[in-house]
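File shown: data_5.pdb. Contents: PDB, C-alpha atoms and all ligand atoms.
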ATOM      1  CA  MET A 116       3.936  21.933  27.725  1.00  0.00           C
ATOM      2  CA  PRO A 117       1.831  20.042  25.166  1.00  0.00           C
ATOM      3  CA  TYR A 118       3.549  18.562  22.178  1.00  0.00           C
ATOM      4  CA  ILE A 119       2.794  20.483  19.001  1.00  0.00           C
ATOM      5  CA  ASP A 120       3.245  18.702  15.721  1.00  0.00           C
ATOM      6  CA  GLU A 121       5.903  20.313  13.555  1.00  0.00           C
ATOM      7  CA  GLY A 122       3.498  20.445  10.633  1.00  0.00           C
ATOM      8  CA  PHE A 123       1.300  23.104  12.222  1.00  0.00           C
ATOM      9  CA  PRO A 124       2.149  26.454  13.786  1.00  0.00           C
ATOM     10  CA  ILE A 125       1.385  26.584  17.493  1.00  0.00           C
ATOM     11  CA  HIS A 126      -1.235  29.337  17.125  1.00  0.00           C
ATOM     12  CA  PHE A 127      -3.144  27.075  14.721  1.00  0.00           C
ATOM     13  CA  PHE A 128      -4.190  24.793  17.588  1.00  0.00           C
ATOM     14  CA  PHE A 129      -4.838  27.516  20.154  1.00  0.00           C
ATOM     15  CA  ASN A 130      -7.204  29.305  17.756  1.00  0.00           C
ATOM     16  CA  LEU A 131      -9.376  26.197  17.362  1.00  0.00           C
ATOM     17  CA  ASN A 132     -12.280  25.253  19.592  1.00  0.00           C
ATOM     18  CA  PHE A 133     -12.386  21.707  20.937  1.00  0.00           C
ATOM     19  CA  LYS A 134     -14.750  20.397  18.262  1.00  0.00           C
ATOM     20  CA  GLN A 135     -12.474  21.713  15.523  1.00  0.00           C
ATOM     21  CA  MET A 136      -9.413  20.260  17.232  1.00  0.00           C
ATOM     22  CA  LYS A 137     -11.070  16.833  17.352  1.00  0.00           C
ATOM     23  CA  LEU A 138     -11.633  16.978  13.601  1.00  0.00           C
ATOM     24  CA  VAL A 139      -7.991  17.895  13.025  1.00  0.00           C
ATOM     25  CA  ALA A 140      -6.875  15.018  15.223  1.00  0.00           C
ATOM     26  CA  LYS A 141      -8.978  12.536  13.260  1.00  0.00           C
ATOM     27  CA  ARG A 142      -7.745  13.551   9.841  1.00  0.00           C
ATOM     28  CA  ALA A 143      -4.578  11.893   8.546  1.00  0.00           C
ATOM     29  CA  ARG A 144      -3.312  14.120   5.772  1.00  0.00           C
ATOM     30  CA  ARG A 145      -1.606  12.235   3.017  1.00  0.00           C
ATOM     31  CA  ASP A 146      -1.168  13.217  -0.566  1.00  0.00           C
ATOM     32  CA  ASN A 147      -1.612  10.695  -3.349  1.00  0.00           C
ATOM     33  CA  GLY A 148       2.125  10.304  -3.921  1.00  0.00           C
ATOM     34  CA  GLU A 149       2.702   9.260  -0.310  1.00  0.00           C
ATOM     35  CA  ARG A 150      -0.283   6.913  -0.340  1.00  0.00           C
ATOM     36  CA  LEU A 151       1.158   5.056  -3.314  1.00  0.00           C
ATOM     37  CA  THR A 152       4.508   4.260  -1.737  1.00  0.00           C
ATOM     38  CA  ASP A 153       3.879   4.108   2.024  1.00  0.00           C
ATOM     39  CA  GLY A 154       4.310   0.313   1.942  1.00  0.00           C
ATOM     40  CA  GLY A 155       7.953   0.669   0.877  1.00  0.00           C
ATOM     41  CA  HIS A 156       7.697  -2.337  -1.457  1.00  0.00           C
ATOM     42  CA  THR A 157       5.696  -2.912  -4.635  1.00  0.00           C
ATOM     43  CA  ALA A 158       3.866  -5.956  -3.232  1.00  0.00           C
ATOM     44  CA  LEU A 159       2.835  -4.076  -0.074  1.00  0.00           C
ATOM     45  CA  ASN A 160       1.916  -0.916  -1.988  1.00  0.00           C
ATOM     46  CA  PHE A 161      -0.290  -3.142  -4.139  1.00  0.00           C
ATOM     47  CA  ILE A 162      -2.025  -4.671  -1.100  1.00  0.00           C
ATOM     48  CA  ASN A 163      -2.556  -1.194   0.367  1.00  0.00           C
ATOM     49  CA  THR A 164      -4.637  -0.153  -2.663  1.00  0.00           C
ATOM     50  CA  CYS A 165      -7.610  -1.822  -0.957  1.00  0.00           C
ATOM     51  CA  LYS A 166      -8.705  -0.415   2.397  1.00  0.00           C
ATOM     52  CA  LYS A 167     -11.499  -1.074   4.870  1.00  0.00           C
ATOM     53  CA  ASP A 168     -14.056   1.745   4.839  1.00  0.00           C
ATOM     54  CA  GLY A 169     -14.922   1.439   8.560  1.00  0.00           C
ATOM     55  CA  LYS A 170     -18.482   0.299   7.752  1.00  0.00           C
ATOM     56  CA  GLY A 171     -17.747  -3.340   7.027  1.00  0.00           C
ATOM     57  CA  GLY A 172     -16.930  -2.720   3.377  1.00  0.00           C
ATOM     58  CA  TYR A 173     -13.833  -1.984   1.331  1.00  0.00           C
ATOM     59  CA  ILE A 174     -12.545   0.866  -0.798  1.00  0.00           C
ATOM     60  CA  ASP A 175     -10.742  -0.266  -3.927  1.00  0.00           C
ATOM     61  CA  HIS A 176      -8.378   2.518  -5.007  1.00  0.00           C
ATOM     62  CA  LEU A 177      -7.772   0.790  -8.356  1.00  0.00           C
ATOM     63  CA  GLY A 178     -11.355   0.122  -9.434  1.00  0.00           C
ATOM     64  CA  ASN A 179     -10.749  -1.566 -12.787  1.00  0.00           C
ATOM     65  CA  TYR A 180      -8.036  -2.529 -15.264  1.00  0.00           C
ATOM     66  CA  SER A 181      -7.618   1.093 -16.308  1.00  0.00           C
ATOM     67  CA  GLY A 182      -7.038   2.192 -12.696  1.00  0.00           C
ATOM     68  CA  PHE A 183      -4.602  -0.668 -12.166  1.00  0.00           C
ATOM     69  CA  LEU A 184      -2.716   0.304 -15.294  1.00  0.00           C
ATOM     70  CA  LYS A 185      -2.469   3.913 -14.127  1.00  0.00           C
ATOM     71  CA  TRP A 186      -1.258   2.774 -10.701  1.00  0.00           C
ATOM     72  CA  CYS A 187       1.477   0.664 -12.375  1.00  0.00           C
ATOM     73  CA  SER A 188       2.504   3.668 -14.438  1.00  0.00           C
ATOM     74  CA  ASP A 189       2.494   6.038 -11.431  1.00  0.00           C
ATOM     75  CA  LEU A 190       4.773   3.624  -9.556  1.00  0.00           C
ATOM     76  CA  GLU A 191       6.956   3.250 -12.684  1.00  0.00           C
ATOM     77  CA  LEU A 192       6.421  -0.505 -12.861  1.00  0.00           C
ATOM     78  CA  ILE A 193       5.754   0.053 -16.557  1.00  0.00           C
ATOM     79  CA  ASP A 194       7.163   2.811 -18.717  1.00  0.00           C
ATOM     80  CA  LEU A 195       5.123   5.298 -20.720  1.00  0.00           C
ATOM     81  CA  ASP A 196       5.399   3.333 -23.972  1.00  0.00           C
ATOM     82  CA  ILE A 197       3.957   0.174 -22.415  1.00  0.00           C
ATOM     83  CA  PHE A 198       1.285   2.212 -20.665  1.00  0.00           C
ATOM     84  CA  MET A 199       0.190   3.779 -23.969  1.00  0.00           C
ATOM     85  CA  VAL A 200       0.009   0.398 -25.737  1.00  0.00           C
ATOM     86  CA  LEU A 201      -1.914  -1.354 -22.956  1.00  0.00           C
ATOM     87  CA  ASP A 202      -4.187   1.622 -22.387  1.00  0.00           C
ATOM     88  CA  LEU A 203      -5.237   1.373 -26.035  1.00  0.00           C
ATOM     89  CA  GLU A 204      -5.593  -2.415 -25.894  1.00  0.00           C
ATOM     90  CA  GLN A 205      -7.934  -2.327 -22.912  1.00  0.00           C
ATOM     91  CA  TYR A 206     -10.494  -0.448 -25.027  1.00  0.00           C
ATOM     92  CA  CYS A 207     -10.132  -2.931 -27.900  1.00  0.00           C
ATOM     93  CA  TYR A 208     -10.338  -5.973 -25.624  1.00  0.00           C
ATOM     94  CA  SER A 209     -12.547  -4.807 -22.769  1.00  0.00           C
ATOM     95  CA  LYS A 210     -13.720  -8.321 -21.805  1.00  0.00           C
ATOM     96  CA  GLU A 211     -10.129  -9.532 -21.524  1.00  0.00           C
ATOM     97  CA  ALA A 212      -9.290  -6.459 -19.430  1.00  0.00           C
ATOM     98  CA  GLU A 213     -12.200  -7.272 -17.091  1.00  0.00           C
ATOM     99  CA  GLY A 214     -10.982 -10.856 -16.699  1.00  0.00           C
ATOM    100  CA  ILE A 215      -7.446  -9.747 -15.932  1.00  0.00           C
ATOM    101  CA  TYR A 216      -8.701  -7.292 -13.335  1.00  0.00           C
ATOM    102  CA  CYS A 217     -10.586 -10.144 -11.603  1.00  0.00           C
ATOM    103  CA  SER A 218      -7.252 -12.001 -11.382  1.00  0.00           C
ATOM    104  CA  VAL A 219      -5.578  -8.829 -10.052  1.00  0.00           C
ATOM    105  CA  VAL A 220      -8.179  -8.501  -7.266  1.00  0.00           C
ATOM    106  CA  ALA A 221      -7.871 -12.213  -6.420  1.00  0.00           C
ATOM    107  CA  ALA A 222      -4.073 -11.875  -6.255  1.00  0.00           C
ATOM    108  CA  ARG A 223      -4.329  -8.807  -4.014  1.00  0.00           C
ATOM    109  CA  ASP A 224      -6.698 -10.615  -1.609  1.00  0.00           C
ATOM    110  CA  CYS A 225      -4.320 -13.569  -1.511  1.00  0.00           C
ATOM    111  CA  PHE A 226      -1.223 -11.402  -0.921  1.00  0.00           C
ATOM    112  CA  ASP A 227      -3.115  -9.495   1.781  1.00  0.00           C
ATOM    113  CA  GLU A 228      -3.877 -12.719   3.680  1.00  0.00           C
ATOM    114  CA  LEU A 229      -0.383 -14.106   3.160  1.00  0.00           C
ATOM    115  CA  PHE A 230       1.661 -11.068   4.193  1.00  0.00           C
ATOM    116  CA  ASN A 231      -0.675 -10.140   7.067  1.00  0.00           C
ATOM    117  CA  SER A 232      -0.143 -13.647   8.465  1.00  0.00           C
ATOM    118  CA  LEU A 233       3.622 -13.302   8.047  1.00  0.00           C
ATOM    119  CA  ALA A 234       3.650  -9.809   9.611  1.00  0.00           C
ATOM    120  CA  CYS A 235       1.737 -11.135  12.637  1.00  0.00           C
ATOM    121  CA  GLY A 236       4.027 -14.162  13.000  1.00  0.00           C
ATOM    122  CA  GLU A 237       1.186 -16.581  12.209  1.00  0.00           C
ATOM    123  CA  ASN A 238       1.292 -19.707  10.099  1.00  0.00           C
ATOM    124  CA  VAL A 239      -0.024 -19.122   6.586  1.00  0.00           C
ATOM    125  CA  HIS A 240      -3.214 -21.104   5.982  1.00  0.00           C
ATOM    126  CA  PRO A 241      -2.683 -23.958   3.463  1.00  0.00           C
ATOM    127  CA  LEU A 242      -5.521 -22.657   1.270  1.00  0.00           C
ATOM    128  CA  ILE A 243      -3.815 -19.264   1.041  1.00  0.00           C
ATOM    129  CA  LEU A 244      -0.560 -20.979   0.134  1.00  0.00           C
ATOM    130  CA  ASP A 245      -2.345 -22.940  -2.613  1.00  0.00           C
ATOM    131  CA  ARG A 246      -3.740 -19.699  -4.022  1.00  0.00           C
ATOM    132  CA  PHE A 247      -0.352 -17.988  -3.798  1.00  0.00           C
ATOM    133  CA  ASN A 248       1.313 -20.876  -5.632  1.00  0.00           C
ATOM    134  CA  MET A 249      -1.356 -20.720  -8.323  1.00  0.00           C
ATOM    135  CA  HIS A 250      -0.618 -17.018  -8.971  1.00  0.00           C
ATOM    136  CA  ALA A 251       3.141 -17.569  -8.711  1.00  0.00           C
ATOM    137  CA  GLU A 252       3.100 -20.379 -11.286  1.00  0.00           C
ATOM    138  CA  ARG A 253       1.394 -18.164 -13.847  1.00  0.00           C
ATOM    139  CA  ILE A 254       4.594 -16.217 -14.529  1.00  0.00           C
ATOM    140  CA  ASN A 255       6.926 -19.204 -14.843  1.00  0.00           C
ATOM    141  CA  ALA A 256       6.288 -19.564 -18.572  1.00  0.00           C
ATOM    142  CA  HIS A 257       7.296 -15.937 -19.101  1.00  0.00           C
ATOM    143  CA  LEU A 258      10.632 -16.056 -17.307  1.00  0.00           C
ATOM    144  CA  SER A 259      13.930 -17.404 -18.603  1.00  0.00           C
ATOM    145  CA  TYR A 260      17.590 -17.104 -17.657  1.00  0.00           C
ATOM    146  CA  HIS A 261      19.988 -15.310 -19.987  1.00  0.00           C
ATOM    147  CA  THR A 262      23.498 -13.978 -19.766  1.00  0.00           C
ATOM    148  CA  GLY A 263      23.287 -10.193 -19.752  1.00  0.00           C
ATOM    149  CA  GLU A 264      25.518  -7.251 -18.788  1.00  0.00           C
ATOM    150  CA  CYS A 265      25.450  -8.304 -15.125  1.00  0.00           C
ATOM    151  CA  GLY A 266      25.912 -12.011 -15.806  1.00  0.00           C
ATOM    152  CA  LEU A 267      23.307 -14.716 -15.601  1.00  0.00           C
ATOM    153  CA  MET A 268      19.943 -13.211 -14.814  1.00  0.00           C
ATOM    154  CA  LEU A 269      16.254 -13.908 -15.012  1.00  0.00           C
ATOM    155  CA  TYR A 270      14.481 -12.058 -17.828  1.00  0.00           C
ATOM    156  CA  TRP A 271      10.899 -11.666 -18.989  1.00  0.00           C
ATOM    157  CA  LYS A 272       9.979 -13.217 -22.316  1.00  0.00           C
ATOM    158  CA  ASP A 273       6.933 -13.078 -24.614  1.00  0.00           C
ATOM    159  CA  ILE A 274       5.543  -9.978 -22.948  1.00  0.00           C
ATOM    160  CA  HIS A 275       5.241  -7.699 -25.981  1.00  0.00           C
ATOM    161  CA  GLU A 276       1.808  -5.985 -25.946  1.00  0.00           C
ATOM    162  CA  GLU A 277       0.703  -8.509 -23.320  1.00  0.00           C
ATOM    163  CA  MET A 278      -2.200  -7.152 -21.289  1.00  0.00           C
ATOM    164  CA  ASN A 279      -1.337  -9.490 -18.400  1.00  0.00           C
ATOM    165  CA  LEU A 280       2.081  -7.903 -17.925  1.00  0.00           C
ATOM    166  CA  PRO A 281       1.079  -5.523 -15.056  1.00  0.00           C
ATOM    167  CA  TYR A 282      -0.579  -8.464 -13.260  1.00  0.00           C
ATOM    168  CA  TRP A 283       2.551 -10.569 -13.720  1.00  0.00           C
ATOM    169  CA  LEU A 284       4.717  -7.728 -12.387  1.00  0.00           C
ATOM    170  CA  VAL A 285       2.885  -7.596  -9.067  1.00  0.00           C
ATOM    171  CA  ILE A 286       3.098 -11.389  -8.798  1.00  0.00           C
ATOM    172  CA  SER A 287       6.826 -11.143  -9.426  1.00  0.00           C
ATOM    173  CA  ALA A 288       7.114  -8.477  -6.703  1.00  0.00           C
ATOM    174  CA  ALA A 289       5.279 -10.689  -4.195  1.00  0.00           C
ATOM    175  CA  ARG A 290       7.467 -13.670  -5.079  1.00  0.00           C
ATOM    176  CA  SER A 291      10.650 -11.632  -4.626  1.00  0.00           C
ATOM    177  CA  LEU A 292       9.435 -10.398  -1.223  1.00  0.00           C
ATOM    178  CA  VAL A 293       9.048 -14.020  -0.118  1.00  0.00           C
ATOM    179  CA  ASP A 294      12.196 -15.370  -1.828  1.00  0.00           C
ATOM    180  CA  SER A 295      14.472 -12.599  -0.535  1.00  0.00           C
ATOM    181  CA  GLY A 296      13.335 -13.014   3.074  1.00  0.00           C
ATOM    182  CA  GLY A 297      12.258  -9.350   3.021  1.00  0.00           C
ATOM    183  CA  TRP A 298       8.893 -10.413   4.495  1.00  0.00           C
ATOM    184  CA  ARG A 299      10.629 -10.515   7.897  1.00  0.00           C
ATOM    185  CA  LYS A 300      10.691  -6.697   7.865  1.00  0.00           C
ATOM    186  CA  ILE A 301       6.959  -6.327   7.261  1.00  0.00           C
ATOM    187  CA  LYS A 302       4.939  -4.483   9.894  1.00  0.00           C
ATOM    188  CA  LYS A 303       1.327  -3.391  10.185  1.00  0.00           C
ATOM    189  CA  CYS A 304       0.632   0.287  10.816  1.00  0.00           C
ATOM    190  CA  PRO A 305      -1.455   0.651  14.015  1.00  0.00           C
ATOM    191  CA  ALA A 306      -3.119   3.827  12.712  1.00  0.00           C
ATOM    192  CA  CYS A 307      -4.272   2.839   9.215  1.00  0.00           C
ATOM    193  CA  SER A 308      -3.592  -0.938   8.999  1.00  0.00           C
ATOM    194  CA  ASN A 309      -1.294  -0.502   5.992  1.00  0.00           C
ATOM    195  CA  LEU A 310       1.445  -3.083   5.655  1.00  0.00           C
ATOM    196  CA  PHE A 311       4.899  -1.529   5.331  1.00  0.00           C
ATOM    197  CA  MET A 312       8.572  -2.491   5.252  1.00  0.00           C
ATOM    198  CA  ASP A 313      10.600  -1.404   8.247  1.00  0.00           C
ATOM    199  CA  LYS A 314      13.888  -0.548   6.530  1.00  0.00           C
ATOM    200  CA  SER A 315      15.234   1.448   9.475  1.00  0.00           C
ATOM    201  CA  ARG A 316      18.599   0.411  10.910  1.00  0.00           C
ATOM    202  CA  SER A 317      17.198  -0.011  14.403  1.00  0.00           C
ATOM    203  CA  HIS A 318      14.042  -1.794  13.168  1.00  0.00           C
ATOM    204  CA  ASN A 319      11.875   0.500  15.266  1.00  0.00           C
ATOM    205  CA  LYS A 320       9.726   2.175  12.632  1.00  0.00           C
ATOM    206  CA  LEU A 321       6.196   2.342  14.031  1.00  0.00           C
ATOM    207  CA  TRP A 322       4.146   3.952  11.257  1.00  0.00           C
ATOM    208  CA  CYS A 323       3.736   3.453   7.529  1.00  0.00           C
ATOM    209  CA  ASN A 324       4.162   7.216   7.271  1.00  0.00           C
ATOM    210  CA  HIS A 325       5.623   9.289  10.081  1.00  0.00           C
ATOM    211  CA  SER A 326       4.165  12.597   8.918  1.00  0.00           C
ATOM    212  CA  THR A 327       0.578  11.321   8.534  1.00  0.00           C
ATOM    213  CA  CYS A 328      -0.172   8.282  10.719  1.00  0.00           C
ATOM    214  CA  GLY A 329       2.583   9.261  13.185  1.00  0.00           C
ATOM    215  CA  SER A 330       1.316  12.797  13.620  1.00  0.00           C
ATOM    216  CA  LEU A 331      -2.267  11.559  13.880  1.00  0.00           C
ATOM    217  CA  LEU A 332      -1.517   9.906  17.213  1.00  0.00           C
ATOM    218  CA  LYS A 333       0.441  12.916  18.446  1.00  0.00           C
ATOM    219  CA  ASN A 334      -2.487  15.195  17.547  1.00  0.00           C
ATOM    220  CA  LYS A 335      -4.902  12.872  19.362  1.00  0.00           C
ATOM    221  CA  LYS A 336      -2.734  12.874  22.479  1.00  0.00           C
ATOM    222  CA  TYR A 337      -2.595  16.645  22.346  1.00  0.00           C
ATOM    223  CA  TYR A 338      -6.379  16.891  22.028  1.00  0.00           C
ATOM    224  CA  GLU A 339      -6.906  14.469  24.909  1.00  0.00           C
ATOM    225  CA  LYS A 340      -4.499  16.449  27.108  1.00  0.00           C
ATOM    226  CA  LYS A 341      -6.227  19.691  26.194  1.00  0.00           C
ATOM    227  CA  SER A 342      -9.626  18.168  27.052  1.00  0.00           C
ATOM    228  CA  LEU A 343      -8.269  16.977  30.404  1.00  0.00           C
ATOM    229  CA  ILE A 344      -7.011  20.488  31.240  1.00  0.00           C
ATOM    230  CA  LYS A 345     -10.383  21.960  30.292  1.00  0.00           C
ATOM    231  CA  ASN A 346     -12.266  19.460  32.515  1.00  0.00           C
ATOM    232  CA  GLU A 347      -9.926  20.178  35.447  1.00  0.00           C
ATOM    233  CA  LEU A 348     -10.503  23.923  35.053  1.00  0.00           C
ATOM    234  CA  GLN A 349     -14.276  23.404  35.030  1.00  0.00           C
ATOM    235  CA  LEU A 350     -14.112  21.312  38.205  1.00  0.00           C
ATOM    236  CA  ALA A 351     -11.914  23.868  40.013  1.00  0.00           C
TER
HETATM  237 ZN    ZN B 401      -0.386   4.164   8.524  1.00  0.00          ZN
END
Any chance you could give the structure as structure tokens?
Ligand SMILES: [Zn+2]
Amino acid sequence: MPYIDEGFPIHFFFNLNFKQMKLVAKRARRDNGERLTDGGHTALNFINTCKKDGKGGYIDHLGNYSGFLKWCSDLELIDLDIFMVLDLEQYCYSKEAEGIYCSVVAARDCFDELFNSLACGENVHPLILDRFNMHAERINAHLSYHTGECGLMLYWKDIHEEMNLPYWLVISAARSLVDSGGWRKIKKCPACSNLFMDKSRSHNKLWCNHSTCGSLLKNKKYYEKKSLIKNELQLA
């Protein structure tokens, strides 16, 4: 009995011809909300905003400072008030916004190299470490310790109407992933190459998203089995 993915009724597959079934098996369905958070950590979600297009190029899901700002807002890294202020500022200071976005892309490339190396158990190249330290140092001047409601804590300072704030937030996320040792839970999805955090108790999570990348493989297996049965019937 072939395995039928829970997401589709069984008659859905039996009503398809083989060409249609192949198309279904190739298509990983994922809505935008899932795509944003499949990494399970801000730093990994940030890295996953740039994907290979399968033709040697890349697809940048952010595109520019405006797209990056919207992504930060969608992930609630910044609240609506900050989003409104910075969204207005980017039109007033478009050159500055362009420069910041260049830094954002450079940081994402660096984090991609760094965390991919860590996920694969490889040594991080010294040049990548130099670049990571350069980004990390940029937020030092905007952090200071204060005694708050939960005791001594690190707080942001001098960030009011600062267009760099979203860039600094992703740097902070990457630093915390390294400092906390959380990088040990990073895995690479075999279906889509996304990096993701395996937060499962048994540490056996295989996919960045079980219902998309996970079902993709199951659908492929089903298609292959169906093709095999068809070939055997033709030979009989
Ligand atoms: Zn995946």
**Asked** Hey, which residues come within 6 Å of ligand ZN 401 (chain B) if we count all atoms listed in the file? Could you give them as a ChimeraX atom specification?
**Response** /A:304,306-307,309,322-324,328
**Request:** Could you tell me how far atom CA of Arg299 of chain A lies from atom CA of Leu244 of chain A, in Å and to one decimal?
**Result:** 17.2 Å
**Prompt:** Which residues, written as a list in words, have at least one atom at most 12 Å from segment 205-214 of chain A, with all atoms listed in the file counted and residues fewer than 6 positions away on the same chain left out?
**Reply:**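 Here the qualifying residues turn out to be Gly178, Asn179, Tyr180, Ser181, Gly182, Phe183, Leu184, Phe198, Met199, Val220, Ala221, Glu276, Glu277, Met278, Asn279, Leu280, Pro281 and Tyr282 of chain A.
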**Contacts of Trp298 of chain A within 8 Å, only C-alpha atoms, excl. fewer than 4 positions in-chain, as a list in words** =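 Listed by chain and then number, they are Phe230, Leu233, Ala234, Leu292, Val293 and Met312 of chain A.
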**Message:** What's the separation between atom CA of Leu242 of chain A and atom CA of Gly155 of chain A, in Å to one decimal place?
**Reply:**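 Computed distance, atom CA of Leu242 of chain A to atom CA of Gly155 of chain A, equals 26.9 Å.
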**Message:** Which residues, named as in the file, does the PyMOL selection byres (((chain A and resi 285-291) around 10) and not hetatm) pick out? Answer as a PyMOL selection string.
**Reply:** chain A and resi 156-162+187+192+219+222-223+226+229-230+247-248+250-255+280-284+292-298
If you take every atom of segment 149-163 of chain A that the file lists and fit an axis-aligned box around them with 5 Å extra on each side, what centre and edge lengths come out in Å to one decimal, as JSON?
{"center_x": 2.7, "center_y": 1.7, "center_z": -1.3, "size_x": 20.5, "size_y": 25.2, "size_z": 16.7}
**Asked** What is the atom CA of Tyr216 of chain A-atom CA of Ile301 of chain A distance in Å, reported with one decimal?
**Response**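 If I compute the distance from atom CA of Tyr216 of chain A to atom CA of Ile301 of chain A, I get 25.9 Å.
The neighbours of Lys320 of chain A here are the residues that come within 10 Å of it, using all atoms listed in the file and leaving out any residue fewer than 5 positions away in the same chain; they are A:Lys302, A:Cys304, A:Phe311, A:Met312, A:Asp313, A:Lys314, A:Ser315, A:His325.
Proximity of A:Met268, A:Cys165, A:Cys235, A:Val200 to Leu177 of chain A, computed with all atoms listed in the file, is greatest for A:Cys165.
Of the residues under consideration (A:Leu190, A:His261, A:Ala256, A:Gly329), A:Ala256 shows the shortest atom-to-atom contact distance to Asp273 of chain A when counting all atoms listed in the file.
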**Message:** Could you check the closest approach to Arg150 of chain A for each of A:Gly263, A:Ser317, A:Asn163, A:Asp189 and tell me which residue wins, using all atoms listed in the file?
**Reply:** A:Asn163
Save segment 275-336 of chain A to a file: C-alpha atoms, as a PDB file, in the first residue's frame.
ATOM      1  CA  HIS A 275      16.310  56.223  18.359  1.00  0.00           C
ATOM      2  CA  GLU A 276      15.353  56.689  14.672  1.00  0.00           C
ATOM      3  CA  GLU A 277      18.557  54.863  13.730  1.00  0.00           C
ATOM      4  CA  MET A 278      18.275  53.355  10.260  1.00  0.00           C
ATOM      5  CA  ASN A 279      20.972  50.791  11.099  1.00  0.00           C
ATOM      6  CA  LEU A 280      18.888  49.274  13.889  1.00  0.00           C
ATOM      7  CA  PRO A 281      17.439  46.348  11.830  1.00  0.00           C
ATOM      8  CA  TYR A 282      20.968  45.517  10.616  1.00  0.00           C
ATOM      9  CA  TRP A 283      22.265  45.597  14.187  1.00  0.00           C
ATOM     10  CA  LEU A 284      19.416  43.331  15.324  1.00  0.00           C
ATOM     11  CA  VAL A 285      20.376  40.553  12.925  1.00  0.00           C
ATOM     12  CA  ILE A 286      24.018  40.897  13.983  1.00  0.00           C
ATOM     13  CA  SER A 287      22.914  40.596  17.594  1.00  0.00           C
ATOM     14  CA  ALA A 288      20.905  37.463  16.724  1.00  0.00           C
ATOM     15  CA  ALA A 289      23.929  35.865  15.034  1.00  0.00           C
ATOM     16  CA  ARG A 290      26.155  36.719  17.996  1.00  0.00           C
ATOM     17  CA  SER A 291      23.681  35.199  20.458  1.00  0.00           C
ATOM     18  CA  LEU A 292      23.485  32.010  18.369  1.00  0.00           C
ATOM     19  CA  VAL A 293      27.265  31.663  18.658  1.00  0.00           C
ATOM     20  CA  ASP A 294      27.563  32.805  22.299  1.00  0.00           C
ATOM     21  CA  SER A 295      24.751  30.565  23.565  1.00  0.00           C
ATOM     22  CA  GLY A 296      26.160  27.442  21.906  1.00  0.00           C
ATOM     23  CA  GLY A 297      22.858  27.113  20.015  1.00  0.00           C
ATOM     24  CA  TRP A 298      24.858  26.661  16.787  1.00  0.00           C
ATOM     25  CA  ARG A 299      25.359  23.019  17.829  1.00  0.00           C
ATOM     26  CA  LYS A 300      21.691  22.380  16.983  1.00  0.00           C
ATOM     27  CA  ILE A 301      21.937  23.756  13.451  1.00  0.00           C
ATOM     28  CA  LYS A 302      21.148  21.384  10.594  1.00  0.00           C
ATOM     29  CA  LYS A 303      20.878  21.753   6.837  1.00  0.00           C
ATOM     30  CA  CYS A 304      17.636  20.676   5.179  1.00  0.00           C
ATOM     31  CA  PRO A 305      18.399  18.032   2.505  1.00  0.00           C
ATOM     32  CA  ALA A 306      15.405  19.119   0.405  1.00  0.00           C
ATOM     33  CA  CYS A 307      15.810  22.904   0.197  1.00  0.00           C
ATOM     34  CA  SER A 308      19.239  23.603   1.786  1.00  0.00           C
ATOM     35  CA  ASN A 309      17.713  25.877   4.434  1.00  0.00           C
ATOM     36  CA  LEU A 310      19.568  26.010   7.723  1.00  0.00           C
ATOM     37  CA  PHE A 311      17.334  25.256  10.705  1.00  0.00           C
ATOM     38  CA  MET A 312      17.515  24.648  14.448  1.00  0.00           C
ATOM     39  CA  ASP A 313      16.733  21.125  15.562  1.00  0.00           C
ATOM     40  CA  LYS A 314      14.893  21.863  18.812  1.00  0.00           C
ATOM     41  CA  SER A 315      13.366  18.388  19.068  1.00  0.00           C
ATOM     42  CA  ARG A 316      14.011  16.415  22.253  1.00  0.00           C
ATOM     43  CA  SER A 317      15.454  13.466  20.365  1.00  0.00           C
ATOM     44  CA  HIS A 318      17.507  15.684  18.014  1.00  0.00           C
ATOM     45  CA  ASN A 319      16.200  13.781  15.009  1.00  0.00           C
ATOM     46  CA  LYS A 320      14.444  16.513  13.055  1.00  0.00           C
ATOM     47  CA  LEU A 321      15.284  15.959   9.390  1.00  0.00           C
ATOM     48  CA  TRP A 322      13.540  18.813   7.571  1.00  0.00           C
ATOM     49  CA  CYS A 323      13.282  22.563   7.996  1.00  0.00           C
ATOM     50  CA  ASN A 324       9.545  22.065   7.552  1.00  0.00           C
ATOM     51  CA  HIS A 325       7.891  18.680   7.924  1.00  0.00           C
ATOM     52  CA  SER A 326       4.762  19.562   5.963  1.00  0.00           C
ATOM     53  CA  THR A 327       6.602  20.978   2.922  1.00  0.00           C
ATOM     54  CA  CYS A 328      10.132  19.581   2.523  1.00  0.00           C
ATOM     55  CA  GLY A 329       9.195  16.415   4.453  1.00  0.00           C
ATOM     56  CA  SER A 330       6.159  15.684   2.321  1.00  0.00           C
ATOM     57  CA  LEU A 331       8.103  16.475  -0.846  1.00  0.00           C
ATOM     58  CA  LEU A 332      10.265  13.394  -0.360  1.00  0.00           C
ATOM     59  CA  LYS A 333       7.274  11.243   0.557  1.00  0.00           C
ATOM     60  CA  ASN A 334       5.474  12.389  -2.609  1.00  0.00           C
ATOM     61  CA  LYS A 335       8.566  11.608  -4.696  1.00  0.00           C
ATOM     62  CA  LYS A 336       8.821   8.121  -3.214  1.00  0.00           C
TER      63      LYS A 336
END
